[in-house]
Amino acid sequence: MAADAGVTAISKDDDVLNEARVWREDGRDVAIATVIRTWGSSPRPVGSHLAIDSGQNFVGSVSGGCIEGAVIHEAQEVIATGKPKILEYGVTNELAWEVGLACGGQVHVYVEKLD
């Protein structure tokens, strides 16, 4: 994948955190999204990470792709305000169908800005 494509193939959580550290060292504003709770069918386990910078570049995954776009969007606000958020997606949430989380489960994601 091209370096300017906005995403890399990093999938191991340690690698995601290391990449976020490199981005911070380069002076980028960065947020980390972490799966903190799941219920039912969930594509990624608790502790999975997604790192996002203010340019909407990202590495990692919190859902195998079905809610990443929504999380990246929310992360931009977290980067801008510095205020962390807990995001909830699931079968009882109308947004779940909009963002593509039709797996029958529920996932809670904590998003925080790295300082």
# chains A, B, ... in the order shown; residues from 1 in each chain; ligands from 1
>>> residues_around(residues="Lys113 (chain A)", least_positions_apart="3", cutoff="6 Å", atoms="only C-alpha atoms", output="ChimeraX atom specification")
/A:30-31,79,82
>>> closest_residue(among="A:Ser48, A:His108, A:Val71, A:Val59", to="Glu19 (chain A)", atoms="only C-alpha atoms")
A:Val59
>>> residues_around(residues="Gln56 (chain A)", least_positions_apart="6", cutoff="12 Å", atoms="only C-alpha atoms", output="ChimeraX atom specification")
/A:4-7,28-31,50,68-77,79
>>> select_by_dssp(residues="region 2-89 of chain A", states="helix (DSSP H, G or I)", output="ChimeraX atom specification")
/A:3-5,13-25,68-81
>>> closest_residue(among="A:Ser41, A:Ile32, A:Val111, A:Gly27", to="Ile86 (chain A)", atoms="only C-alpha atoms")
A:Val111
>>> residues_around(residues="Gly105 (chain A)", least_positions_apart="5", cutoff="8 Å", atoms="only C-alpha atoms", output="PyMOL selection string")
chain A and resi 38-42+90-91
>>> write_last_selection(atoms="N, CA and C atoms", output="PDB file, in the first residue's frame")
ATOM      1  N   THR A  38     -16.893  -5.758  25.003  1.00  0.00           N
ATOM      2  CA  THR A  38     -17.635  -6.358  23.896  1.00  0.00           C
ATOM      3  C   THR A  38     -18.735  -7.241  24.467  1.00  0.00           C
ATOM      4  N   TRP A  39     -19.702  -7.506  23.642  1.00  0.00           N
ATOM      5  CA  TRP A  39     -20.776  -8.424  24.001  1.00  0.00           C
ATOM      6  C   TRP A  39     -21.215  -9.120  22.728  1.00  0.00           C
ATOM      7  N   GLY A  40     -21.466 -10.417  22.811  1.00  0.00           N
ATOM      8  CA  GLY A  40     -21.911 -11.160  21.641  1.00  0.00           C
ATOM      9  C   GLY A  40     -20.813 -11.272  20.605  1.00  0.00           C
ATOM     10  N   SER A  41     -21.210 -11.248  19.359  1.00  0.00           N
ATOM     11  CA  SER A  41     -20.269 -11.363  18.259  1.00  0.00           C
ATOM     12  C   SER A  41     -19.549 -10.041  18.060  1.00  0.00           C
ATOM     13  N   SER A  42     -18.243 -10.066  18.191  1.00  0.00           N
ATOM     14  CA  SER A  42     -17.440  -8.859  18.017  1.00  0.00           C
ATOM     15  C   SER A  42     -16.178  -9.243  17.254  1.00  0.00           C
ATOM     16  N   GLY A  90     -23.664  -1.138  18.610  1.00  0.00           N
ATOM     17  CA  GLY A  90     -24.222  -2.466  18.790  1.00  0.00           C
ATOM     18  C   GLY A  90     -25.544  -2.640  18.089  1.00  0.00           C
ATOM     19  N   VAL A  91     -26.109  -3.826  18.223  1.00  0.00           N
ATOM     20  CA  VAL A  91     -27.326  -4.162  17.501  1.00  0.00           C
ATOM     21  C   VAL A  91     -28.525  -3.350  17.955  1.00  0.00           C
TER      22      VAL A  91
END
>>> select_by_dssp(residues="region 39-68 of chain A", states="strand (DSSP E or B)", output="tab-separated table (two decimals) with N, CA and C atoms, in the first residue's frame")
chain	number	residue	atom	x	y	z
A	39	TRP	N	-19.70	-7.51	23.64
A	39	TRP	CA	-20.78	-8.42	24.00
A	39	TRP	C	-21.21	-9.12	22.73
A	49	HIS	N	-6.47	-2.02	19.46
A	49	HIS	CA	-6.18	-0.60	19.31
A	49	HIS	C	-6.27	-0.12	17.87
A	50	LEU	N	-6.63	1.15	17.75
A	50	LEU	CA	-6.59	1.88	16.50
A	50	LEU	C	-5.95	3.22	16.81
A	51	ALA	N	-4.87	3.57	16.12
A	51	ALA	CA	-4.21	4.86	16.29
A	51	ALA	C	-4.62	5.75	15.12
A	52	ILE	N	-4.95	7.00	15.42
A	52	ILE	CA	-5.42	7.95	14.41
A	52	ILE	C	-4.66	9.26	14.60
A	53	ASP	N	-4.22	9.88	13.49
A	53	ASP	CA	-3.62	11.20	13.63
A	53	ASP	C	-4.57	12.26	13.09
A	58	PHE	N	-4.37	6.27	9.85
A	58	PHE	CA	-4.66	5.36	10.95
A	58	PHE	C	-3.96	4.03	10.75
A	59	VAL	N	-3.74	3.35	11.87
A	59	VAL	CA	-3.19	1.99	11.88
A	59	VAL	C	-3.94	1.20	12.93
A	60	GLY	N	-4.07	-0.09	12.70
A	60	GLY	CA	-4.75	-0.96	13.65
A	60	GLY	C	-6.21	-1.14	13.32
>>> closest_residue(among="A:Val22, A:Arg44, A:Arg37, A:Ala80", to="Gly65 (chain A)", atoms="only C-alpha atoms")
A:Arg44
>>> closest_residue(among="A:Ile36, A:Leu87, A:Leu114, A:Ile67", to="Ser54 (chain A)", atoms="only C-alpha atoms")
A:Leu114
>>> atom_distance(atom1="CA of Asp15 (chain A)", atom2="CA of Ser61 (chain A)")
11.6 Å
